[in-house]
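Enquirer: File follows, my_file-v1.cif with mmCIF, N, CA and C atoms:
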```cif
data_work
#
loop_
_atom_site.label_atom_id
_atom_site.label_comp_id
_atom_site.auth_asym_id
_atom_site.auth_seq_id
_atom_site.Cartn_x
_atom_site.Cartn_y
_atom_site.Cartn_z
N MET A 1 29.91 -2.63 5.68
CA MET A 1 28.76 -2.02 6.29
C MET A 1 28.64 -2.56 7.72
N THR A 2 28.38 -1.67 8.66
CA THR A 2 28.22 -2.07 10.05
C THR A 2 26.78 -1.86 10.48
N LEU A 3 26.37 -2.63 11.47
CA LEU A 3 25.02 -2.48 11.99
C LEU A 3 24.97 -1.29 12.93
N THR A 4 23.98 -0.45 12.75
CA THR A 4 23.79 0.72 13.59
C THR A 4 22.47 0.54 14.32
N PRO A 5 22.47 0.70 15.65
CA PRO A 5 21.21 0.52 16.37
C PRO A 5 20.19 1.60 16.00
N ASN A 6 18.93 1.24 16.06
CA ASN A 6 17.84 2.15 15.79
C ASN A 6 17.50 2.84 17.12
N PRO A 7 17.75 4.14 17.26
CA PRO A 7 17.55 4.82 18.55
C PRO A 7 16.07 4.85 18.95
N THR A 8 15.82 4.68 20.24
CA THR A 8 14.45 4.71 20.74
C THR A 8 14.04 6.10 21.22
N ASP A 9 15.00 6.99 21.36
CA ASP A 9 14.71 8.32 21.90
C ASP A 9 14.62 9.42 20.84
N LYS A 10 14.53 9.03 19.59
CA LYS A 10 14.46 9.99 18.47
C LYS A 10 13.08 9.95 17.84
N PRO A 11 12.71 10.99 17.08
CA PRO A 11 11.42 10.95 16.38
C PRO A 11 11.42 9.88 15.30
N VAL A 12 10.25 9.30 15.08
CA VAL A 12 10.08 8.22 14.09
C VAL A 12 10.02 8.82 12.68
N LEU A 13 10.73 8.17 11.77
CA LEU A 13 10.70 8.53 10.36
C LEU A 13 10.43 7.26 9.57
N VAL A 14 9.34 7.25 8.80
CA VAL A 14 9.00 6.09 7.98
C VAL A 14 9.47 6.37 6.55
N LEU A 15 10.25 5.44 6.01
CA LEU A 15 10.75 5.55 4.64
C LEU A 15 10.14 4.44 3.81
N LYS A 16 9.65 4.77 2.63
CA LYS A 16 9.09 3.78 1.73
C LYS A 16 9.92 3.78 0.45
N PHE A 17 10.46 2.63 0.12
CA PHE A 17 11.27 2.49 -1.09
C PHE A 17 10.53 1.63 -2.09
N GLY A 18 10.43 2.13 -3.32
CA GLY A 18 9.77 1.42 -4.40
C GLY A 18 10.61 0.27 -4.93
N GLY A 19 9.99 -0.52 -5.79
CA GLY A 19 10.62 -1.74 -6.28
C GLY A 19 11.93 -1.55 -7.02
N THR A 20 12.02 -0.53 -7.87
CA THR A 20 13.27 -0.29 -8.60
C THR A 20 14.37 0.13 -7.65
N SER A 21 14.04 0.95 -6.66
CA SER A 21 15.03 1.35 -5.66
C SER A 21 15.55 0.14 -4.90
N VAL A 22 14.64 -0.73 -4.49
CA VAL A 22 15.04 -1.93 -3.76
C VAL A 22 15.89 -2.83 -4.65
N GLY A 23 15.50 -2.94 -5.91
CA GLY A 23 16.21 -3.81 -6.84
C GLY A 23 17.57 -3.31 -7.27
N LYS A 24 17.72 -1.98 -7.39
CA LYS A 24 18.96 -1.44 -7.96
C LYS A 24 19.85 -0.70 -6.97
N PHE A 25 19.27 -0.16 -5.90
CA PHE A 25 20.04 0.74 -5.04
C PHE A 25 20.11 0.30 -3.58
N ILE A 26 19.97 -1.00 -3.33
CA ILE A 26 19.93 -1.49 -1.96
C ILE A 26 21.20 -1.12 -1.18
N GLN A 27 22.35 -1.13 -1.86
CA GLN A 27 23.59 -0.75 -1.17
C GLN A 27 23.55 0.70 -0.71
N ASN A 28 23.01 1.59 -1.56
CA ASN A 28 22.91 3.00 -1.17
C ASN A 28 21.92 3.18 -0.03
N ILE A 29 20.80 2.47 -0.11
CA ILE A 29 19.78 2.60 0.92
C ILE A 29 20.33 2.14 2.27
N CYS A 30 20.91 0.93 2.29
CA CYS A 30 21.39 0.36 3.55
C CYS A 30 22.75 0.89 3.97
N GLY A 31 23.56 1.30 3.01
CA GLY A 31 24.91 1.75 3.34
C GLY A 31 25.05 3.22 3.62
N GLN A 32 24.15 4.04 3.07
CA GLN A 32 24.30 5.48 3.23
C GLN A 32 23.05 6.16 3.78
N ILE A 33 21.92 5.98 3.12
CA ILE A 33 20.71 6.72 3.48
C ILE A 33 20.26 6.41 4.91
N ILE A 34 20.04 5.14 5.21
CA ILE A 34 19.52 4.78 6.53
C ILE A 34 20.53 5.09 7.63
N PRO A 35 21.82 4.73 7.50
CA PRO A 35 22.76 5.07 8.57
C PRO A 35 22.82 6.57 8.87
N ASN A 36 22.75 7.40 7.85
CA ASN A 36 22.76 8.85 8.09
C ASN A 36 21.52 9.30 8.83
N LEU A 37 20.37 8.73 8.48
CA LEU A 37 19.13 9.11 9.14
C LEU A 37 19.04 8.60 10.58
N LEU A 38 19.73 7.50 10.87
CA LEU A 38 19.70 6.94 12.22
C LEU A 38 20.37 7.88 13.24
N LYS A 39 21.12 8.84 12.76
CA LYS A 39 21.75 9.81 13.67
C LYS A 39 20.70 10.72 14.29
N THR A 40 19.59 10.92 13.58
CA THR A 40 18.60 11.89 14.04
C THR A 40 17.19 11.32 14.17
N HIS A 41 16.97 10.07 13.74
CA HIS A 41 15.62 9.51 13.75
C HIS A 41 15.62 8.02 14.10
N ARG A 42 14.47 7.57 14.57
CA ARG A 42 14.18 6.14 14.66
C ARG A 42 13.56 5.81 13.31
N VAL A 43 14.18 4.94 12.55
CA VAL A 43 13.81 4.71 11.16
C VAL A 43 13.00 3.42 11.01
N ILE A 44 11.90 3.53 10.30
CA ILE A 44 11.09 2.38 9.92
C ILE A 44 11.11 2.33 8.39
N VAL A 45 11.46 1.17 7.84
CA VAL A 45 11.58 1.03 6.39
C VAL A 45 10.47 0.14 5.86
N VAL A 46 9.80 0.62 4.83
CA VAL A 46 8.77 -0.14 4.13
C VAL A 46 9.27 -0.34 2.70
N CYS A 47 9.22 -1.57 2.24
CA CYS A 47 9.75 -1.87 0.90
C CYS A 47 8.67 -2.44 -0.01
N SER A 48 8.71 -2.01 -1.25
CA SER A 48 7.91 -2.67 -2.29
C SER A 48 8.70 -3.89 -2.76
N ALA A 49 8.03 -4.73 -3.50
CA ALA A 49 8.71 -5.89 -4.08
C ALA A 49 9.81 -5.41 -5.02
N ARG A 50 10.91 -6.18 -5.08
CA ARG A 50 12.03 -5.82 -5.94
C ARG A 50 11.59 -5.77 -7.40
N SER A 51 12.19 -4.85 -8.14
CA SER A 51 11.92 -4.74 -9.56
C SER A 51 13.23 -4.52 -10.30
N THR A 52 13.11 -4.37 -11.60
CA THR A 52 14.28 -4.13 -12.44
C THR A 52 13.94 -3.01 -13.41
N ASP A 53 14.81 -2.80 -14.36
CA ASP A 53 14.54 -1.82 -15.41
C ASP A 53 13.39 -2.26 -16.31
N VAL A 54 13.15 -3.57 -16.34
CA VAL A 54 12.11 -4.14 -17.21
C VAL A 54 10.93 -4.56 -16.34
N LYS A 55 9.80 -3.87 -16.47
CA LYS A 55 8.63 -4.11 -15.63
C LYS A 55 8.20 -5.58 -15.68
N ALA A 56 8.29 -6.20 -16.83
CA ALA A 56 7.86 -7.60 -16.97
C ALA A 56 8.70 -8.55 -16.12
N LYS A 57 9.90 -8.13 -15.73
CA LYS A 57 10.76 -8.98 -14.91
C LYS A 57 10.68 -8.64 -13.43
N GLY A 58 9.83 -7.68 -13.08
CA GLY A 58 9.65 -7.30 -11.68
C GLY A 58 8.94 -8.41 -10.92
N THR A 59 9.19 -8.46 -9.63
CA THR A 59 8.61 -9.52 -8.79
C THR A 59 7.09 -9.48 -8.81
N THR A 60 6.49 -8.30 -8.67
CA THR A 60 5.03 -8.22 -8.63
C THR A 60 4.41 -8.70 -9.94
N THR A 61 4.95 -8.28 -11.05
CA THR A 61 4.42 -8.72 -12.35
C THR A 61 4.48 -10.23 -12.47
N ARG A 62 5.59 -10.80 -12.04
CA ARG A 62 5.74 -12.25 -12.15
C ARG A 62 4.81 -12.99 -11.18
N LEU A 63 4.58 -12.41 -10.00
CA LEU A 63 3.66 -13.05 -9.05
C LEU A 63 2.22 -13.01 -9.57
N VAL A 64 1.84 -11.93 -10.22
CA VAL A 64 0.51 -11.87 -10.84
C VAL A 64 0.41 -12.95 -11.91
N LYS A 65 1.46 -13.12 -12.70
CA LYS A 65 1.46 -14.18 -13.72
C LYS A 65 1.36 -15.56 -13.07
N ALA A 66 2.02 -15.76 -11.94
CA ALA A 66 1.95 -17.05 -11.24
C ALA A 66 0.53 -17.32 -10.77
N ALA A 67 -0.12 -16.29 -10.22
CA ALA A 67 -1.51 -16.45 -9.77
C ALA A 67 -2.41 -16.80 -10.95
N ASP A 68 -2.20 -16.13 -12.06
CA ASP A 68 -3.01 -16.40 -13.26
C ASP A 68 -2.70 -17.79 -13.83
N ALA A 69 -1.44 -18.19 -13.74
CA ALA A 69 -1.02 -19.48 -14.31
C ALA A 69 -1.62 -20.66 -13.56
N VAL A 70 -1.96 -20.47 -12.31
CA VAL A 70 -2.57 -21.56 -11.53
C VAL A 70 -3.81 -22.09 -12.23
N LEU A 71 -4.53 -21.20 -12.87
CA LEU A 71 -5.77 -21.59 -13.54
C LEU A 71 -5.57 -21.91 -15.01
N GLY A 72 -4.32 -21.85 -15.47
CA GLY A 72 -4.03 -22.08 -16.88
C GLY A 72 -3.84 -23.53 -17.21
N GLU A 73 -3.51 -23.77 -18.47
CA GLU A 73 -3.36 -25.14 -18.95
C GLU A 73 -2.00 -25.75 -18.63
N VAL A 74 -0.96 -24.92 -18.51
CA VAL A 74 0.37 -25.43 -18.18
C VAL A 74 0.47 -25.47 -16.66
N SER A 75 0.31 -26.65 -16.10
CA SER A 75 0.11 -26.76 -14.67
C SER A 75 1.31 -26.39 -13.80
N ASP A 76 2.52 -26.47 -14.33
CA ASP A 76 3.66 -26.16 -13.47
C ASP A 76 4.32 -24.82 -13.79
N SER A 77 3.73 -24.01 -14.65
CA SER A 77 4.38 -22.74 -15.00
C SER A 77 4.46 -21.80 -13.80
N HIS A 78 3.47 -21.86 -12.90
CA HIS A 78 3.55 -21.02 -11.70
C HIS A 78 4.72 -21.43 -10.81
N GLN A 79 5.04 -22.72 -10.81
CA GLN A 79 6.17 -23.19 -10.00
C GLN A 79 7.49 -22.67 -10.56
N GLN A 80 7.60 -22.64 -11.88
CA GLN A 80 8.82 -22.12 -12.52
C GLN A 80 8.97 -20.63 -12.23
N ILE A 81 7.88 -19.91 -12.23
CA ILE A 81 7.94 -18.48 -11.92
C ILE A 81 8.48 -18.27 -10.51
N VAL A 82 8.01 -19.05 -9.57
CA VAL A 82 8.48 -18.93 -8.18
C VAL A 82 9.96 -19.29 -8.10
N ARG A 83 10.37 -20.34 -8.81
CA ARG A 83 11.80 -20.70 -8.82
C ARG A 83 12.65 -19.56 -9.38
N ASP A 84 12.17 -18.93 -10.44
CA ASP A 84 12.90 -17.81 -11.04
C ASP A 84 12.99 -16.62 -10.09
N ILE A 85 11.91 -16.33 -9.40
CA ILE A 85 11.91 -15.22 -8.43
C ILE A 85 12.91 -15.52 -7.31
N LEU A 86 12.88 -16.74 -6.80
CA LEU A 86 13.83 -17.11 -5.74
C LEU A 86 15.26 -17.00 -6.24
N GLU A 87 15.51 -17.50 -7.43
CA GLU A 87 16.86 -17.43 -8.00
C GLU A 87 17.34 -15.97 -8.11
N ASP A 88 16.48 -15.09 -8.55
CA ASP A 88 16.84 -13.67 -8.65
C ASP A 88 17.18 -13.08 -7.28
N HIS A 89 16.40 -13.42 -6.27
CA HIS A 89 16.66 -12.89 -4.93
C HIS A 89 17.96 -13.48 -4.35
N LEU A 90 18.18 -14.76 -4.58
CA LEU A 90 19.42 -15.37 -4.09
C LEU A 90 20.64 -14.78 -4.79
N GLU A 91 20.51 -14.49 -6.07
CA GLU A 91 21.59 -13.86 -6.81
C GLU A 91 21.88 -12.45 -6.26
N ALA A 92 20.82 -11.73 -5.93
CA ALA A 92 20.99 -10.39 -5.35
C ALA A 92 21.72 -10.47 -4.01
N ILE A 93 21.39 -11.47 -3.21
CA ILE A 93 22.09 -11.66 -1.93
C ILE A 93 23.56 -11.95 -2.19
N GLU A 94 23.80 -12.84 -3.12
CA GLU A 94 25.19 -13.22 -3.44
C GLU A 94 26.00 -12.02 -3.89
N ASN A 95 25.38 -11.12 -4.65
CA ASN A 95 26.09 -9.96 -5.19
C ASN A 95 26.21 -8.80 -4.22
N SER A 96 25.42 -8.79 -3.16
CA SER A 96 25.41 -7.59 -2.31
C SER A 96 25.81 -7.83 -0.86
N ILE A 97 25.89 -9.07 -0.43
CA ILE A 97 26.21 -9.35 0.97
C ILE A 97 27.45 -10.24 1.04
N SER A 98 28.41 -9.81 1.83
CA SER A 98 29.66 -10.57 1.90
C SER A 98 29.70 -11.52 3.11
N ASP A 99 29.00 -11.21 4.16
CA ASP A 99 29.02 -12.02 5.37
C ASP A 99 28.33 -13.37 5.11
N VAL A 100 29.09 -14.45 5.28
CA VAL A 100 28.59 -15.80 4.97
C VAL A 100 27.40 -16.18 5.85
N ALA A 101 27.46 -15.85 7.13
CA ALA A 101 26.38 -16.21 8.03
C ALA A 101 25.09 -15.47 7.67
N ILE A 102 25.20 -14.19 7.36
CA ILE A 102 24.02 -13.41 6.97
C ILE A 102 23.46 -13.94 5.66
N LYS A 103 24.35 -14.23 4.72
CA LYS A 103 23.91 -14.80 3.43
C LYS A 103 23.14 -16.10 3.65
N GLY A 104 23.68 -16.95 4.48
CA GLY A 104 23.04 -18.25 4.74
C GLY A 104 21.67 -18.09 5.37
N GLY A 105 21.58 -17.20 6.35
CA GLY A 105 20.29 -16.97 7.00
C GLY A 105 19.26 -16.39 6.06
N LEU A 106 19.67 -15.41 5.26
CA LEU A 106 18.76 -14.81 4.29
C LEU A 106 18.33 -15.82 3.23
N SER A 107 19.29 -16.59 2.75
CA SER A 107 18.97 -17.60 1.73
C SER A 107 17.94 -18.60 2.26
N ALA A 108 18.15 -19.04 3.50
CA ALA A 108 17.21 -19.98 4.10
C ALA A 108 15.83 -19.35 4.27
N SER A 109 15.80 -18.11 4.71
CA SER A 109 14.53 -17.42 4.91
C SER A 109 13.79 -17.21 3.60
N LEU A 110 14.49 -16.74 2.56
CA LEU A 110 13.86 -16.53 1.26
C LEU A 110 13.38 -17.85 0.65
N THR A 111 14.17 -18.88 0.81
CA THR A 111 13.79 -20.20 0.30
C THR A 111 12.52 -20.68 0.98
N ASP A 112 12.40 -20.44 2.29
CA ASP A 112 11.20 -20.85 3.01
C ASP A 112 9.98 -20.06 2.56
N VAL A 113 10.13 -18.75 2.36
CA VAL A 113 9.01 -17.93 1.87
C VAL A 113 8.53 -18.46 0.53
N CYS A 114 9.46 -18.78 -0.36
CA CYS A 114 9.09 -19.29 -1.69
C CYS A 114 8.51 -20.70 -1.61
N ARG A 115 8.99 -21.50 -0.68
CA ARG A 115 8.43 -22.84 -0.49
C ARG A 115 6.97 -22.74 -0.07
N ARG A 116 6.70 -21.84 0.85
CA ARG A 116 5.32 -21.63 1.32
C ARG A 116 4.43 -21.11 0.18
N LEU A 117 4.99 -20.23 -0.64
CA LEU A 117 4.23 -19.72 -1.78
C LEU A 117 3.90 -20.84 -2.75
N LYS A 118 4.87 -21.73 -3.01
CA LYS A 118 4.61 -22.86 -3.90
C LYS A 118 3.47 -23.73 -3.37
N VAL A 119 3.47 -23.99 -2.07
CA VAL A 119 2.41 -24.79 -1.45
C VAL A 119 1.06 -24.08 -1.61
N PHE A 120 1.04 -22.77 -1.39
CA PHE A 120 -0.18 -22.00 -1.53
C PHE A 120 -0.71 -22.06 -2.96
N LEU A 121 0.21 -21.91 -3.92
CA LEU A 121 -0.19 -21.98 -5.34
C LEU A 121 -0.70 -23.37 -5.70
N GLU A 122 -0.07 -24.40 -5.17
CA GLU A 122 -0.54 -25.77 -5.42
C GLU A 122 -1.95 -25.97 -4.87
N ALA A 123 -2.21 -25.42 -3.69
CA ALA A 123 -3.55 -25.54 -3.10
C ALA A 123 -4.58 -24.81 -3.96
N ALA A 124 -4.21 -23.63 -4.44
CA ALA A 124 -5.12 -22.89 -5.32
C ALA A 124 -5.38 -23.67 -6.61
N GLU A 125 -4.36 -24.35 -7.09
CA GLU A 125 -4.53 -25.16 -8.30
C GLU A 125 -5.48 -26.33 -8.04
N VAL A 126 -5.34 -26.96 -6.88
CA VAL A 126 -6.19 -28.10 -6.54
C VAL A 126 -7.66 -27.69 -6.49
N ILE A 127 -7.95 -26.53 -5.89
CA ILE A 127 -9.35 -26.11 -5.80
C ILE A 127 -9.78 -25.31 -7.03
N ASN A 128 -8.83 -25.09 -7.94
CA ASN A 128 -9.09 -24.39 -9.20
C ASN A 128 -9.72 -23.01 -8.97
N GLU A 129 -9.10 -22.28 -8.02
CA GLU A 129 -9.63 -20.96 -7.70
C GLU A 129 -8.53 -20.06 -7.13
N VAL A 130 -8.50 -18.83 -7.61
CA VAL A 130 -7.66 -17.79 -7.02
C VAL A 130 -8.60 -16.62 -6.71
N SER A 131 -9.03 -16.55 -5.46
CA SER A 131 -9.93 -15.49 -5.04
C SER A 131 -9.15 -14.18 -4.94
N PRO A 132 -9.84 -13.05 -4.84
CA PRO A 132 -9.12 -11.79 -4.64
C PRO A 132 -8.21 -11.81 -3.42
N LYS A 133 -8.67 -12.43 -2.33
CA LYS A 133 -7.85 -12.53 -1.12
C LYS A 133 -6.61 -13.39 -1.39
N SER A 134 -6.79 -14.50 -2.09
CA SER A 134 -5.66 -15.37 -2.43
C SER A 134 -4.65 -14.63 -3.30
N LYS A 135 -5.16 -13.87 -4.27
CA LYS A 135 -4.26 -13.12 -5.14
C LYS A 135 -3.48 -12.08 -4.34
N ASP A 136 -4.12 -11.45 -3.38
CA ASP A 136 -3.42 -10.50 -2.51
C ASP A 136 -2.29 -11.18 -1.75
N ILE A 137 -2.55 -12.38 -1.25
CA ILE A 137 -1.52 -13.12 -0.52
C ILE A 137 -0.36 -13.47 -1.45
N ILE A 138 -0.68 -13.92 -2.65
CA ILE A 138 0.36 -14.29 -3.63
C ILE A 138 1.20 -13.08 -3.99
N VAL A 139 0.55 -11.99 -4.36
CA VAL A 139 1.27 -10.78 -4.78
C VAL A 139 2.01 -10.16 -3.60
N GLY A 140 1.42 -10.21 -2.42
CA GLY A 140 2.05 -9.66 -1.22
C GLY A 140 3.34 -10.37 -0.83
N THR A 141 3.55 -11.56 -1.36
CA THR A 141 4.79 -12.28 -1.10
C THR A 141 6.00 -11.50 -1.61
N GLY A 142 5.80 -10.71 -2.65
CA GLY A 142 6.91 -9.88 -3.17
C GLY A 142 7.42 -8.90 -2.15
N GLU A 143 6.51 -8.26 -1.41
CA GLU A 143 6.93 -7.34 -0.35
C GLU A 143 7.61 -8.09 0.78
N LYS A 144 7.10 -9.27 1.09
CA LYS A 144 7.73 -10.09 2.14
C LYS A 144 9.16 -10.44 1.74
N LEU A 145 9.35 -10.84 0.49
CA LEU A 145 10.70 -11.17 0.01
C LEU A 145 11.62 -9.95 0.09
N ALA A 146 11.09 -8.79 -0.31
CA ALA A 146 11.91 -7.57 -0.28
C ALA A 146 12.30 -7.21 1.14
N CYS A 147 11.39 -7.38 2.08
CA CYS A 147 11.70 -7.06 3.47
C CYS A 147 12.70 -8.05 4.06
N GLU A 148 12.61 -9.30 3.65
CA GLU A 148 13.58 -10.29 4.11
C GLU A 148 14.97 -9.95 3.59
N TYR A 149 15.01 -9.53 2.33
CA TYR A 149 16.27 -9.19 1.67
C TYR A 149 16.81 -7.92 2.27
#
```
Rewrite the structure of this file - the entire thing - as structure tokens.
Expert:
Amino acid sequence: MTLTPNPTDKPVLVLKFGGTSVGKFIQNICGQIIPNLLKTHRVIVVCSARSTDVKAKGTTTRLVKAADAVLGEVSDSHQQIVRDILEDHLEAIENSISDVAIKGGLSASLTDVCRRLKVFLEAAEVINEVSPKSKDIIVGTGEKLACEY
């Protein structure tokens, strides 16, 4: 796959890809769909959090569980959920990207996003509260991870 510049002199086209598409068809999206559209449009891509065939294993579902787990009795279960989400994203990078430098940069970026999420969850645990705004930040991390990927 080669990088294709996003033209500035073409009409804007916004594409939104859902979680299953991001999780299962990233090669098609980045290798075929977007490059073809770049011939005629300036493309803006919006991604949902990655998902799988099993909704319970989707990033958003797991992030909701992590937010709920902060207030639960098992104090580190939210941390395990974040580790699992990071592991899934790193595995996806390993399976879909061959360039070592790009892999390294993405891995570092995803690891940092998850590190920040862990700190946020720990803070929520300390104050024993997950407000609606906090939950939005936690769940919104899935979209951030998908866009990084």
Enquirer: Counting all atoms listed in the file, give me one row per residue of stretch 52-120 of chain A with an atom at most 8 Å from an atom of stretch 133-140 of chain A, showing the shortest contact pair and its distance in Å to one decimal, sorted by chain then residue number, as JSON lines.
Expert:
```
{"residue": "A:Thr59", "atom": "C", "partner": "A:Val139", "partner_atom": "CA", "distance": 7.2}
{"residue": "A:Thr60", "atom": "CA", "partner": "A:Val139", "partner_atom": "CA", "distance": 6.0}
{"residue": "A:Thr61", "atom": "N", "partner": "A:Val139", "partner_atom": "CA", "distance": 7.7}
{"residue": "A:Arg62", "atom": "C", "partner": "A:Val139", "partner_atom": "CA", "distance": 7.6}
{"residue": "A:Leu63", "atom": "C", "partner": "A:Val139", "partner_atom": "CA", "distance": 5.4}
{"residue": "A:Val64", "atom": "N", "partner": "A:Val139", "partner_atom": "CA", "distance": 5.6}
{"residue": "A:Ala66", "atom": "C", "partner": "A:Ile138", "partner_atom": "CA", "distance": 7.8}
{"residue": "A:Ala67", "atom": "CA", "partner": "A:Lys135", "partner_atom": "CA", "distance": 6.3}
{"residue": "A:Asp68", "atom": "N", "partner": "A:Lys135", "partner_atom": "CA", "distance": 7.8}
{"residue": "A:Leu117", "atom": "CA", "partner": "A:Ile138", "partner_atom": "CA", "distance": 6.9}
{"residue": "A:Phe120", "atom": "C", "partner": "A:Ile138", "partner_atom": "CA", "distance": 7.9}
```
Enquirer: As a PDB file with N, CA and C atoms, in the coordinates of the input, please: the residues near stretch 90-101 of chain A (cut-off 8 Å, all atoms listed in the file, same-chain neighbours under 4 positions excluded).
Expert:
```pdb
ATOM      1  N   ILE A  26      19.970  -1.000  -3.330  1.00  0.00           N
ATOM      2  CA  ILE A  26      19.930  -1.490  -1.960  1.00  0.00           C
ATOM      3  C   ILE A  26      21.200  -1.120  -1.180  1.00  0.00           C
ATOM      4  N   GLN A  27      22.350  -1.130  -1.860  1.00  0.00           N
ATOM      5  CA  GLN A  27      23.590  -0.750  -1.170  1.00  0.00           C
ATOM      6  C   GLN A  27      23.550   0.700  -0.710  1.00  0.00           C
ATOM      7  N   ASP A  84      12.170 -18.930 -10.440  1.00  0.00           N
ATOM      8  CA  ASP A  84      12.900 -17.810 -11.040  1.00  0.00           C
ATOM      9  C   ASP A  84      12.990 -16.620 -10.090  1.00  0.00           C
ATOM     10  N   ILE A  85      11.910 -16.330  -9.400  1.00  0.00           N
ATOM     11  CA  ILE A  85      11.910 -15.220  -8.430  1.00  0.00           C
ATOM     12  C   ILE A  85      12.910 -15.520  -7.310  1.00  0.00           C
ATOM     13  N   LEU A  86      12.880 -16.740  -6.800  1.00  0.00           N
ATOM     14  CA  LEU A  86      13.830 -17.110  -5.740  1.00  0.00           C
ATOM     15  C   LEU A  86      15.260 -17.000  -6.240  1.00  0.00           C
ATOM     16  N   GLY A 105      21.580 -17.200   6.350  1.00  0.00           N
ATOM     17  CA  GLY A 105      20.290 -16.970   7.000  1.00  0.00           C
ATOM     18  C   GLY A 105      19.260 -16.390   6.060  1.00  0.00           C
ATOM     19  N   LEU A 106      19.670 -15.410   5.260  1.00  0.00           N
ATOM     20  CA  LEU A 106      18.760 -14.810   4.290  1.00  0.00           C
ATOM     21  C   LEU A 106      18.330 -15.820   3.230  1.00  0.00           C
ATOM     22  N   SER A 107      19.290 -16.590   2.750  1.00  0.00           N
ATOM     23  CA  SER A 107      18.970 -17.600   1.730  1.00  0.00           C
ATOM     24  C   SER A 107      17.940 -18.600   2.260  1.00  0.00           C
ATOM     25  N   LEU A 110      14.490 -16.740   2.560  1.00  0.00           N
ATOM     26  CA  LEU A 110      13.860 -16.530   1.260  1.00  0.00           C
ATOM     27  C   LEU A 110      13.380 -17.850   0.650  1.00  0.00           C
ATOM     28  N   THR A 111      14.170 -18.880   0.810  1.00  0.00           N
ATOM     29  CA  THR A 111      13.790 -20.200   0.300  1.00  0.00           C
ATOM     30  C   THR A 111      12.520 -20.680   0.980  1.00  0.00           C
ATOM     31  N   TYR A 149      15.010  -9.530   2.330  1.00  0.00           N
ATOM     32  CA  TYR A 149      16.270  -9.190   1.670  1.00  0.00           C
ATOM     33  C   TYR A 149      16.810  -7.920   2.270  1.00  0.00           C
TER      34      TYR A 149
END
```
Enquirer: So, with all atoms listed in the file as the atoms that count, which of A:Val70, A:Leu15, A:Val82, A:Ala56 lies closest to A:Val126?
Expert: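 Under the stated criterion, the closest residue is A:Val70.
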Enquirer: For the atom pair atom N of A:Ile127 and atom C of A:Lys57, what is the interatomic distance in Å to one decimal place?
Expert: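 Interatomic distance here is 26.9 Å.
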Enquirer: When the PyMOL selection byres ((chain A and resi 144) around 8) is applied to the file above, which residues end up in the set, as a ChimeraX atom specification?
Expert: /A:47-50,110,113,139-143,145-149
Enquirer: May I ask which of the residues A:Lys65, A:Lys118, A:Lys16, A:Lys10 is the closest one to A:His41, counting only N, CA and C atoms?
Expert: A:Lys10
Enquirer: Could you check which of A:Ala69, A:Val119, A:Ile29, A:Cys114 is closest to A:His89, using only C-alpha atoms?
Expert: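 Among A:Ala69, A:Val119, A:Ile29, A:Cys114, it is A:Cys114 that comes nearest to A:His89.
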Enquirer: Any idea what the distance is between atom CA of A:Pro11 and atom N of A:Ile44?
Expert: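 So the two atoms, atom CA of A:Pro11 and atom N of A:Ile44, lie 9.6 Å apart.
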Enquirer: I need the residues in stretch 5-83 of chain A that are alpha helix (DSSP H) according to DSSP; give them as a PyMOL selection string.
Expert: chain A and resi 19-24+26-28+34-37+59-69+77-83
Enquirer: By how many Å are atom N of A:Val12 and atom C of A:Arg42 apart?
Expert: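 Value for the atom N of A:Val12-atom C of A:Arg42 distance: 5.1 Å.
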Enquirer: Hey, which of A:Gln32, A:Thr52, A:Thr40, A:Ser21 ends up closest to A:Pro7? Count only N, CA and C atoms.
Expert: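 Counting only N, CA and C atoms, the residue closest to A:Pro7 is A:Thr40.
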Enquirer: Which of chain A end up as strand (DSSP E or B) when DSSP is run on this backbone - answer as a PyMOL selection string?
Expert: chain A and resi 12-17+42-47
Enquirer: Using only N, CA and C atoms, please write the residues we just selected to a file, as a CSV table (one decimal), in the coordinates of the input.
Expert:
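Contents of again34.csv, freshly written:
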```csv
chain,number,residue,atom,x,y,z
A,12,VAL,N,10.2,9.3,15.1
A,12,VAL,CA,10.1,8.2,14.1
A,12,VAL,C,10.0,8.8,12.7
A,13,LEU,N,10.7,8.2,11.8
A,13,LEU,CA,10.7,8.5,10.4
A,13,LEU,C,10.4,7.3,9.6
A,14,VAL,N,9.3,7.2,8.8
A,14,VAL,CA,9.0,6.1,8.0
A,14,VAL,C,9.5,6.4,6.6
A,15,LEU,N,10.2,5.4,6.0
A,15,LEU,CA,10.8,5.6,4.6
A,15,LEU,C,10.1,4.4,3.8
A,16,LYS,N,9.6,4.8,2.6
A,16,LYS,CA,9.1,3.8,1.7
A,16,LYS,C,9.9,3.8,0.4
A,17,PHE,N,10.5,2.6,0.1
A,17,PHE,CA,11.3,2.5,-1.1
A,17,PHE,C,10.5,1.6,-2.1
A,42,ARG,N,14.5,7.6,14.6
A,42,ARG,CA,14.2,6.1,14.7
A,42,ARG,C,13.6,5.8,13.3
A,43,VAL,N,14.2,4.9,12.6
A,43,VAL,CA,13.8,4.7,11.2
A,43,VAL,C,13.0,3.4,11.0
A,44,ILE,N,11.9,3.5,10.3
A,44,ILE,CA,11.1,2.4,9.9
A,44,ILE,C,11.1,2.3,8.4
A,45,VAL,N,11.5,1.2,7.8
A,45,VAL,CA,11.6,1.0,6.4
A,45,VAL,C,10.5,0.1,5.9
A,46,VAL,N,9.8,0.6,4.8
A,46,VAL,CA,8.8,-0.1,4.1
A,46,VAL,C,9.3,-0.3,2.7
A,47,CYS,N,9.2,-1.6,2.2
A,47,CYS,CA,9.8,-1.9,0.9
A,47,CYS,C,8.7,-2.4,0.0
```
Enquirer: Of the residues A:Ile102, A:Ser51, A:Glu125, A:Ala108, which is the one nearest to A:Asp88, using only C-alpha atoms?
Expert: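 The shortest atom-to-atom distance to A:Asp88 comes from A:Ser51.
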